[in-house]
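Structure file structure-v6.cif (mmCIF, C-alpha atoms) is printed below.
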```cif
data_protein
#
loop_
_atom_site.label_atom_id
_atom_site.label_comp_id
_atom_site.auth_asym_id
_atom_site.auth_seq_id
_atom_site.Cartn_x
_atom_site.Cartn_y
_atom_site.Cartn_z
CA MET A 1 51.79 132.90 136.23
CA LYS A 2 49.89 129.62 136.56
CA HIS A 3 46.78 131.46 137.81
CA LEU A 4 47.01 133.97 134.98
CA LEU A 5 47.07 131.17 132.38
CA THR A 6 44.15 129.42 134.10
CA ALA A 7 42.13 132.65 134.13
CA PHE A 8 42.95 133.28 130.45
CA PHE A 9 41.90 129.73 129.52
CA LEU A 10 38.59 130.05 131.44
CA CYS A 11 37.83 133.39 129.75
CA LEU A 12 38.51 131.84 126.36
CA VAL A 13 36.20 128.88 127.09
CA LEU A 14 33.43 131.21 128.31
CA MET A 15 33.73 133.39 125.20
CA LEU A 16 33.48 130.34 122.94
CA CYS A 17 30.50 128.99 124.84
CA ALA A 18 28.73 132.37 124.69
CA GLU A 19 29.04 132.41 120.89
CA MET A 20 27.61 128.91 120.48
CA GLU A 21 23.86 128.87 119.90
CA GLU A 22 21.83 125.96 121.13
CA GLU A 23 19.21 124.55 118.77
CA GLU A 24 15.87 124.47 120.52
CA GLU A 25 12.82 123.85 118.39
CA ILE A 26 12.65 122.18 114.98
CA LEU A 27 10.06 123.95 112.83
CA TYR A 28 10.58 121.75 109.77
CA SER A 29 12.80 118.81 108.92
CA ASN A 30 12.79 116.60 105.84
CA PRO A 31 15.67 114.23 105.17
CA LEU A 32 13.94 113.63 101.81
CA GLN A 33 12.88 110.11 102.56
CA SER A 34 9.58 111.23 101.08
CA ILE A 35 8.23 114.21 99.18
CA GLU A 36 5.72 114.84 101.99
CA LYS A 37 4.83 118.56 102.25
CA LEU A 38 7.21 119.56 99.43
CA THR A 39 5.96 121.31 96.30
CA ILE A 40 8.14 120.22 93.40
CA SER A 41 7.76 121.75 89.97
CA PRO A 42 9.58 123.08 86.93
CA ASP A 43 9.65 126.79 86.28
CA SER A 44 7.92 128.06 83.15
CA SER A 45 11.01 127.55 80.95
CA ARG A 46 11.45 123.81 81.61
CA LYS A 47 8.05 122.16 81.45
CA ASN A 48 9.58 118.72 80.86
CA TRP A 49 11.59 118.56 84.11
CA LYS A 50 10.64 115.40 86.00
CA PRO A 51 10.65 115.78 89.81
CA GLY A 52 11.41 113.01 92.20
CA ILE A 53 13.73 111.52 94.73
CA VAL A 54 16.93 109.87 93.53
CA THR A 55 19.72 108.05 95.35
CA GLU A 56 23.10 109.75 95.04
CA GLU A 57 26.09 108.24 96.90
CA ASN A 58 23.71 106.23 99.12
CA PHE A 59 21.69 109.33 100.10
CA LYS A 60 18.11 110.02 99.11
CA CYS A 61 17.95 113.49 97.61
CA ILE A 62 16.16 115.65 95.08
CA LYS A 63 18.06 116.16 91.85
CA ILE A 64 17.46 119.55 90.25
CA GLU A 65 18.10 120.25 86.60
CA PRO A 66 17.93 123.72 84.97
CA GLY A 67 14.56 125.26 85.70
CA GLY A 68 13.69 122.79 88.45
CA THR A 69 12.58 123.97 91.87
CA PHE A 70 11.07 122.64 95.09
CA GLY A 71 9.94 124.27 98.28
CA VAL A 72 7.81 124.23 101.38
CA TRP A 73 5.95 126.82 103.51
CA VAL A 74 7.05 127.10 107.15
CA GLU A 75 5.48 129.23 109.92
CA LEU A 76 8.09 131.25 111.88
CA PRO A 77 7.47 132.46 115.46
CA GLU A 78 8.02 136.14 116.21
CA GLY A 79 10.99 137.31 118.28
CA GLU A 80 13.18 134.34 117.34
CA THR A 81 16.37 133.67 115.40
CA ILE A 82 15.74 131.05 112.74
CA LEU A 83 18.38 128.79 111.16
CA PHE A 84 17.73 127.43 107.66
CA SER A 85 19.92 124.49 106.64
CA VAL A 86 20.30 122.10 103.70
CA ARG A 87 22.91 119.68 102.38
CA ILE A 88 23.76 120.37 98.74
CA LYS A 89 25.99 118.96 96.05
CA TYR A 90 26.28 120.81 92.75
CA GLN A 91 28.10 120.22 89.48
CA ASN A 92 29.02 122.61 86.65
CA VAL A 93 26.56 125.28 87.80
CA LYS A 94 27.00 128.37 85.66
CA ARG A 95 24.89 131.53 85.53
CA MET A 96 23.23 132.18 82.18
CA ASP A 97 23.71 135.91 82.80
CA GLU A 98 26.72 136.82 84.99
CA ARG A 99 25.11 140.15 85.91
CA LYS A 100 22.33 138.30 87.77
CA HIS A 101 24.20 137.49 91.00
CA TRP A 102 21.09 135.94 92.55
CA THR A 103 21.04 133.04 90.06
CA GLY A 104 22.69 129.61 90.36
CA ALA A 105 22.02 126.66 92.66
CA THR A 106 19.87 128.51 95.19
CA PHE A 107 18.74 127.96 98.77
CA LYS A 108 16.49 130.89 99.68
CA ALA A 109 13.48 131.84 101.75
CA MET A 110 10.74 134.15 100.54
CA LEU A 111 10.23 135.83 103.90
CA ARG A 112 6.83 137.36 104.69
CA ILE A 113 6.68 139.31 107.94
CA PRO A 114 3.41 141.16 108.66
CA GLY A 115 3.81 144.87 107.91
CA GLU A 116 7.16 144.50 106.10
CA GLU A 117 8.17 144.09 102.47
CA THR A 118 8.85 140.57 101.22
CA SER A 119 12.56 139.71 101.26
CA TRP A 120 14.62 136.82 99.87
CA PRO A 121 17.47 135.92 102.28
CA GLY A 122 19.52 132.89 101.35
CA ARG A 123 22.53 131.51 99.58
CA VAL A 124 23.52 131.02 95.94
CA MET A 125 26.22 128.62 94.69
CA VAL A 126 28.01 128.37 91.34
CA GLY A 127 30.72 126.00 90.12
CA SER A 128 31.01 122.49 91.55
CA SER A 129 31.13 121.08 95.07
CA GLU A 130 30.79 117.76 96.84
CA TRP A 131 28.18 117.48 99.61
CA LYS A 132 28.29 120.40 102.02
CA THR A 133 25.95 122.04 104.50
CA VAL A 134 24.66 125.48 103.53
CA THR A 135 22.95 127.66 106.15
CA PHE A 136 21.62 131.14 106.73
CA LYS A 137 19.87 132.85 109.66
CA ILE A 138 17.14 135.42 109.98
CA ASN A 139 15.70 137.30 112.95
CA VAL A 140 11.92 137.54 113.13
CA PRO A 141 11.07 140.80 114.93
CA LEU A 142 8.77 141.01 117.95
CA GLY A 143 5.43 142.74 117.72
CA LYS A 144 4.75 141.89 114.08
CA GLY A 145 3.07 138.52 114.55
CA ASN A 146 4.25 135.23 113.18
CA ALA A 147 6.06 135.27 109.85
CA ARG A 148 5.96 132.75 107.01
CA ALA A 149 8.77 131.59 104.79
CA TRP A 150 8.64 129.77 101.46
CA ILE A 151 11.85 127.72 101.54
CA ARG A 152 12.92 127.39 97.90
CA CYS A 153 15.68 125.24 96.42
CA ALA A 154 16.23 125.72 92.70
CA LEU A 155 18.59 125.79 89.76
CA GLU A 156 17.58 129.33 88.85
CA GLY A 157 18.80 131.04 85.68
CA ALA A 158 21.70 128.61 85.47
CA THR A 159 22.94 125.44 83.80
CA GLY A 160 24.33 122.38 85.58
CA THR A 161 22.90 120.02 88.19
CA ALA A 162 22.23 120.29 91.94
CA TRP A 163 21.23 117.70 94.53
CA TYR A 164 19.54 118.68 97.83
CA ARG A 165 18.87 116.73 101.05
CA ASP A 166 18.43 117.19 104.81
CA LEU A 167 16.37 120.37 104.63
CA SER A 168 15.60 121.86 108.06
CA VAL A 169 14.35 125.02 109.75
CA LYS A 170 15.13 125.49 113.48
CA VAL A 171 14.67 128.09 116.21
CA LEU A 172 18.02 129.00 117.79
CA LYS A 173 18.50 130.03 121.41
#
```
Can the structure in the file be given as C-alpha coordinates, please?
Amino acid sequence: MKHLLTAFFLCLVLMLCAEMEEEEEILYSNPLQSIEKLTISPDSSRKNWKPGIVTEENFKCIKIEPGGTFGVWVELPEGETILFSVRIKYQNVKRMDERKHWTGATFKAMLRIPGEETSWPGRVMVGSSEWKTVTFKINVPLGKGNARAWIRCALEGATGTAWYRDLSVKVLK
(Lines of atoms letter the chains of each structure in order from A and count residues from 1; the text may use other names and numbers.)
(Lines give C-alpha, C1' and ligand atoms only; values in the text may rest on other atoms or scores of the structure.)
Protein backbone atom coordinates (compact mmCIF):
# COMPACT_ATOMS: atom_id res chain seq x y z
CA MET A 1 0.00 0.00 0.00
CA LYS A 2 2.85 2.36 0.89
CA HIS A 3 4.46 1.84 -2.54
CA LEU A 4 1.15 2.43 -4.28
CA LEU A 5 0.69 5.78 -2.50
CA THR A 6 4.28 6.76 -3.30
CA ALA A 7 3.79 5.90 -6.98
CA PHE A 8 0.50 7.84 -7.06
CA PHE A 9 2.17 10.88 -5.45
CA LEU A 10 5.09 10.79 -7.94
CA CYS A 11 2.68 10.55 -10.90
CA LEU A 12 0.74 13.52 -9.57
CA VAL A 13 3.92 15.60 -9.17
CA LEU A 14 5.09 14.68 -12.69
CA MET A 15 1.71 15.62 -14.18
CA LEU A 16 1.78 18.99 -12.43
CA CYS A 17 5.34 19.66 -13.53
CA ALA A 18 4.51 18.74 -17.14
CA GLU A 19 1.69 21.31 -17.21
CA MET A 20 3.89 24.12 -15.88
CA GLU A 21 5.50 26.20 -18.60
CA GLU A 22 8.86 27.78 -18.00
CA GLU A 23 9.31 31.38 -19.09
CA GLU A 24 12.32 31.64 -21.34
CA GLU A 25 12.77 34.84 -23.27
CA ILE A 26 11.33 38.27 -22.48
CA LEU A 27 10.35 40.00 -25.72
CA TYR A 28 9.05 43.16 -24.04
CA SER A 29 8.72 44.37 -20.47
CA ASN A 30 7.69 47.78 -19.18
CA PRO A 31 6.86 48.27 -15.52
CA LEU A 32 5.75 51.77 -16.59
CA GLN A 33 8.56 53.59 -14.90
CA SER A 34 8.74 55.50 -18.16
CA ILE A 35 6.68 55.87 -21.31
CA GLU A 36 9.64 54.61 -23.37
CA LYS A 37 8.46 52.81 -26.54
CA LEU A 38 4.76 53.26 -25.70
CA THR A 39 2.40 55.12 -28.01
CA ILE A 40 -0.23 56.84 -25.88
CA SER A 41 -3.15 58.66 -27.44
CA PRO A 42 -6.87 59.32 -27.25
CA ASP A 43 -9.18 57.77 -29.78
CA SER A 44 -11.05 60.10 -32.11
CA SER A 45 -13.95 60.59 -29.68
CA ARG A 46 -11.89 61.94 -26.75
CA LYS A 47 -9.39 64.43 -28.10
CA ASN A 48 -8.92 66.03 -24.67
CA TRP A 49 -7.66 62.90 -22.88
CA LYS A 50 -4.29 63.65 -21.28
CA PRO A 51 -1.86 60.70 -21.27
CA GLY A 52 0.76 60.14 -18.65
CA ILE A 53 2.01 58.09 -15.78
CA VAL A 54 0.30 58.43 -12.41
CA THR A 55 0.97 56.88 -9.01
CA GLU A 56 -1.87 54.70 -7.75
CA GLU A 57 -1.43 52.86 -4.43
CA ASN A 58 2.36 53.39 -4.62
CA PHE A 59 2.58 51.91 -8.14
CA LYS A 60 3.45 53.83 -11.27
CA CYS A 61 0.79 53.11 -13.88
CA ILE A 62 -1.07 54.56 -16.82
CA LYS A 63 -4.56 55.77 -16.01
CA ILE A 64 -7.01 55.36 -18.89
CA GLU A 65 -10.22 57.34 -19.15
CA PRO A 66 -12.96 56.72 -21.76
CA GLY A 67 -11.43 56.85 -25.22
CA GLY A 68 -7.85 56.58 -23.96
CA THR A 69 -5.47 53.97 -25.34
CA PHE A 70 -1.80 53.03 -25.30
CA GLY A 71 0.20 50.36 -27.02
CA VAL A 72 3.49 49.08 -28.33
CA TRP A 73 4.67 46.98 -31.31
CA VAL A 74 6.47 43.73 -30.45
CA GLU A 75 8.16 41.28 -32.86
CA LEU A 76 7.14 37.63 -32.22
CA PRO A 77 9.35 34.68 -33.25
CA GLU A 78 7.77 31.92 -35.32
CA GLY A 79 7.05 28.49 -33.83
CA GLU A 80 6.70 29.80 -30.28
CA THR A 81 4.00 30.15 -27.63
CA ILE A 82 3.79 33.76 -26.48
CA LEU A 83 2.40 34.95 -23.12
CA PHE A 84 1.00 38.48 -22.89
CA SER A 85 0.58 39.83 -19.36
CA VAL A 86 -0.47 43.07 -17.65
CA ARG A 87 -1.58 44.17 -14.19
CA ILE A 88 -4.89 46.04 -14.30
CA LYS A 89 -7.23 47.75 -11.89
CA TYR A 90 -10.58 49.01 -13.18
CA GLN A 91 -13.51 50.88 -11.68
CA ASN A 92 -17.13 51.22 -12.84
CA VAL A 93 -16.34 50.05 -16.38
CA LYS A 94 -19.58 49.73 -18.33
CA ARG A 95 -20.10 49.06 -22.03
CA MET A 96 -21.86 51.86 -23.91
CA ASP A 97 -23.52 49.19 -26.08
CA GLU A 98 -24.04 45.80 -24.36
CA ARG A 99 -24.19 44.06 -27.75
CA LYS A 100 -20.53 44.93 -28.37
CA HIS A 101 -18.89 42.23 -26.24
CA TRP A 102 -15.40 43.31 -27.33
CA THR A 103 -15.68 46.68 -25.54
CA GLY A 104 -14.65 47.58 -21.98
CA ALA A 105 -11.26 47.81 -20.29
CA THR A 106 -9.28 45.93 -22.94
CA PHE A 107 -5.93 44.16 -23.14
CA LYS A 108 -5.55 42.92 -26.71
CA ALA A 109 -3.00 42.24 -29.41
CA MET A 110 -3.52 43.07 -33.06
CA LEU A 111 -1.76 39.98 -34.35
CA ARG A 112 -0.16 40.08 -37.80
CA ILE A 113 1.20 36.76 -39.03
CA PRO A 114 2.53 36.68 -42.62
CA GLY A 115 -0.03 35.05 -44.93
CA GLU A 116 -2.87 35.08 -42.37
CA GLU A 117 -5.71 37.47 -41.60
CA THR A 118 -5.21 39.97 -38.78
CA SER A 119 -6.73 38.77 -35.50
CA TRP A 120 -7.35 40.41 -32.11
CA PRO A 121 -6.75 37.91 -29.27
CA GLY A 122 -6.99 39.30 -25.77
CA ARG A 123 -9.13 39.99 -22.76
CA VAL A 124 -11.93 42.44 -21.96
CA MET A 125 -13.04 43.44 -18.44
CA VAL A 126 -16.19 45.20 -17.20
CA GLY A 127 -17.30 46.16 -13.70
CA SER A 128 -14.74 46.89 -10.99
CA SER A 129 -11.68 45.06 -9.69
CA GLU A 130 -8.64 45.72 -7.54
CA TRP A 131 -5.21 45.02 -9.06
CA LYS A 132 -5.03 41.67 -10.81
CA THR A 133 -2.89 40.04 -13.46
CA VAL A 134 -4.57 39.45 -16.82
CA THR A 135 -2.92 37.15 -19.38
CA PHE A 136 -3.53 35.45 -22.69
CA LYS A 137 -1.42 33.19 -24.92
CA ILE A 138 -1.02 32.78 -28.64
CA ASN A 139 0.87 30.26 -30.77
CA VAL A 140 2.89 31.67 -33.66
CA PRO A 141 2.98 29.00 -36.40
CA LEU A 142 6.18 27.72 -38.00
CA GLY A 143 6.94 28.43 -41.62
CA LYS A 144 5.20 31.81 -41.78
CA GLY A 145 8.07 34.02 -40.66
CA ASN A 146 8.12 36.25 -37.64
CA ALA A 147 4.84 37.83 -36.59
CA ARG A 148 4.17 41.27 -35.12
CA ALA A 149 1.72 42.26 -32.44
CA TRP A 150 0.38 45.68 -31.52
CA ILE A 151 -0.26 45.32 -27.78
CA ARG A 152 -3.18 47.64 -27.02
CA CYS A 153 -4.61 48.65 -23.65
CA ALA A 154 -7.70 50.83 -23.83
CA LEU A 155 -11.02 51.86 -22.38
CA GLU A 156 -12.85 51.06 -25.60
CA GLY A 157 -16.53 51.89 -26.10
CA ALA A 158 -17.02 52.08 -22.35
CA THR A 159 -17.27 54.43 -19.39
CA GLY A 160 -15.27 54.18 -16.16
CA THR A 161 -11.55 54.20 -15.40
CA ALA A 162 -8.74 51.65 -15.81
CA TRP A 163 -5.14 51.62 -14.59
CA TYR A 164 -2.44 49.46 -16.26
CA ARG A 165 1.09 48.48 -15.19
CA ASP A 166 3.70 45.73 -15.57
CA LEU A 167 3.10 45.05 -19.25
CA SER A 168 5.15 42.12 -20.60
CA VAL A 169 5.42 39.76 -23.56
CA LYS A 170 7.35 36.48 -23.05
CA VAL A 171 8.20 33.32 -24.98
CA LEU A 172 7.07 30.22 -23.08
CA LYS A 173 8.81 26.85 -23.19
Considering only C-alpha atoms, state which residue in the set A:Trp163, A:Trp102, A:Trp131, A:Tyr28 is at the smallest distance from Val74 of chain A.
A:Tyr28
Interatomic distance between atom CA of Ala158 of chain A and atom CA of Thr103 of chain A?
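Atom-to-atom, atom CA of Ala158 of chain A to atom CA of Thr103 of chain A, that is 6.4 Å.
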Near-Lys108 of chain A list (8 Å; only C-alpha atoms; drop same-chain fewer than 6 positions) as a list in words:
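Contacts, in chain order: Trp120, Pro121, Gly122, Arg123, Val124, Ile151, Arg152 and Cys153 of chain A.
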Residues from the last selection, C-alpha atoms, saved as a CSV table (one decimal), in the frame of the given file:
```
chain,number,residue,atom,x,y,z
A,120,TRP,CA,14.6,136.8,99.9
A,121,PRO,CA,17.5,135.9,102.3
A,122,GLY,CA,19.5,132.9,101.4
A,123,ARG,CA,22.5,131.5,99.6
A,124,VAL,CA,23.5,131.0,95.9
A,151,ILE,CA,11.8,127.7,101.5
A,152,ARG,CA,12.9,127.4,97.9
A,153,CYS,CA,15.7,125.2,96.4
```
Nearest to Phe70 of chain A among A:Pro141, A:Phe107, A:Phe84, A:Thr55, with distances taken over all atoms listed in the file: which residue is it?
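Residue with the minimum atom-to-atom distance to Phe70 of chain A: A:Phe107.
Of the listed residues (A:Thr81, A:Thr159, A:Ser128, A:Asn146), A:Thr81 comes nearest to Val171 of chain A; the distances count only C-alpha atoms.
Atom CA of Val93 of chain A is positioned 19.3 Å from atom CA of Glu57 of chain A.
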Need the shell around Ile82 of chain A: protein/DNA/RNA residues with any atom at most 6 Å away, counting all atoms listed in the file. Skip same-chain ones fewer than 4 positions apart. Format as a ChimeraX atom specification?
/A:137-138,170-172
Write the selection just made, keeping C-alpha atoms, as a PDB file, keeping the file's coordinate frame?
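Contents of result-v5.pdb, as written:
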```pdb
ATOM      1  CA  LYS A 137      19.870 132.850 109.660  1.00  0.00           C
ATOM      2  CA  ILE A 138      17.140 135.420 109.980  1.00  0.00           C
ATOM      3  CA  LYS A 170      15.130 125.490 113.480  1.00  0.00           C
ATOM      4  CA  VAL A 171      14.670 128.090 116.210  1.00  0.00           C
ATOM      5  CA  LEU A 172      18.020 129.000 117.790  1.00  0.00           C
TER       6      LEU A 172
END
```
Point-to-point distance in Å for atom CA of Leu76 of chain A and atom CA of Val126 of chain A
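Atom CA of Leu76 of chain A lies at a distance of 28.8 Å from atom CA of Val126 of chain A.
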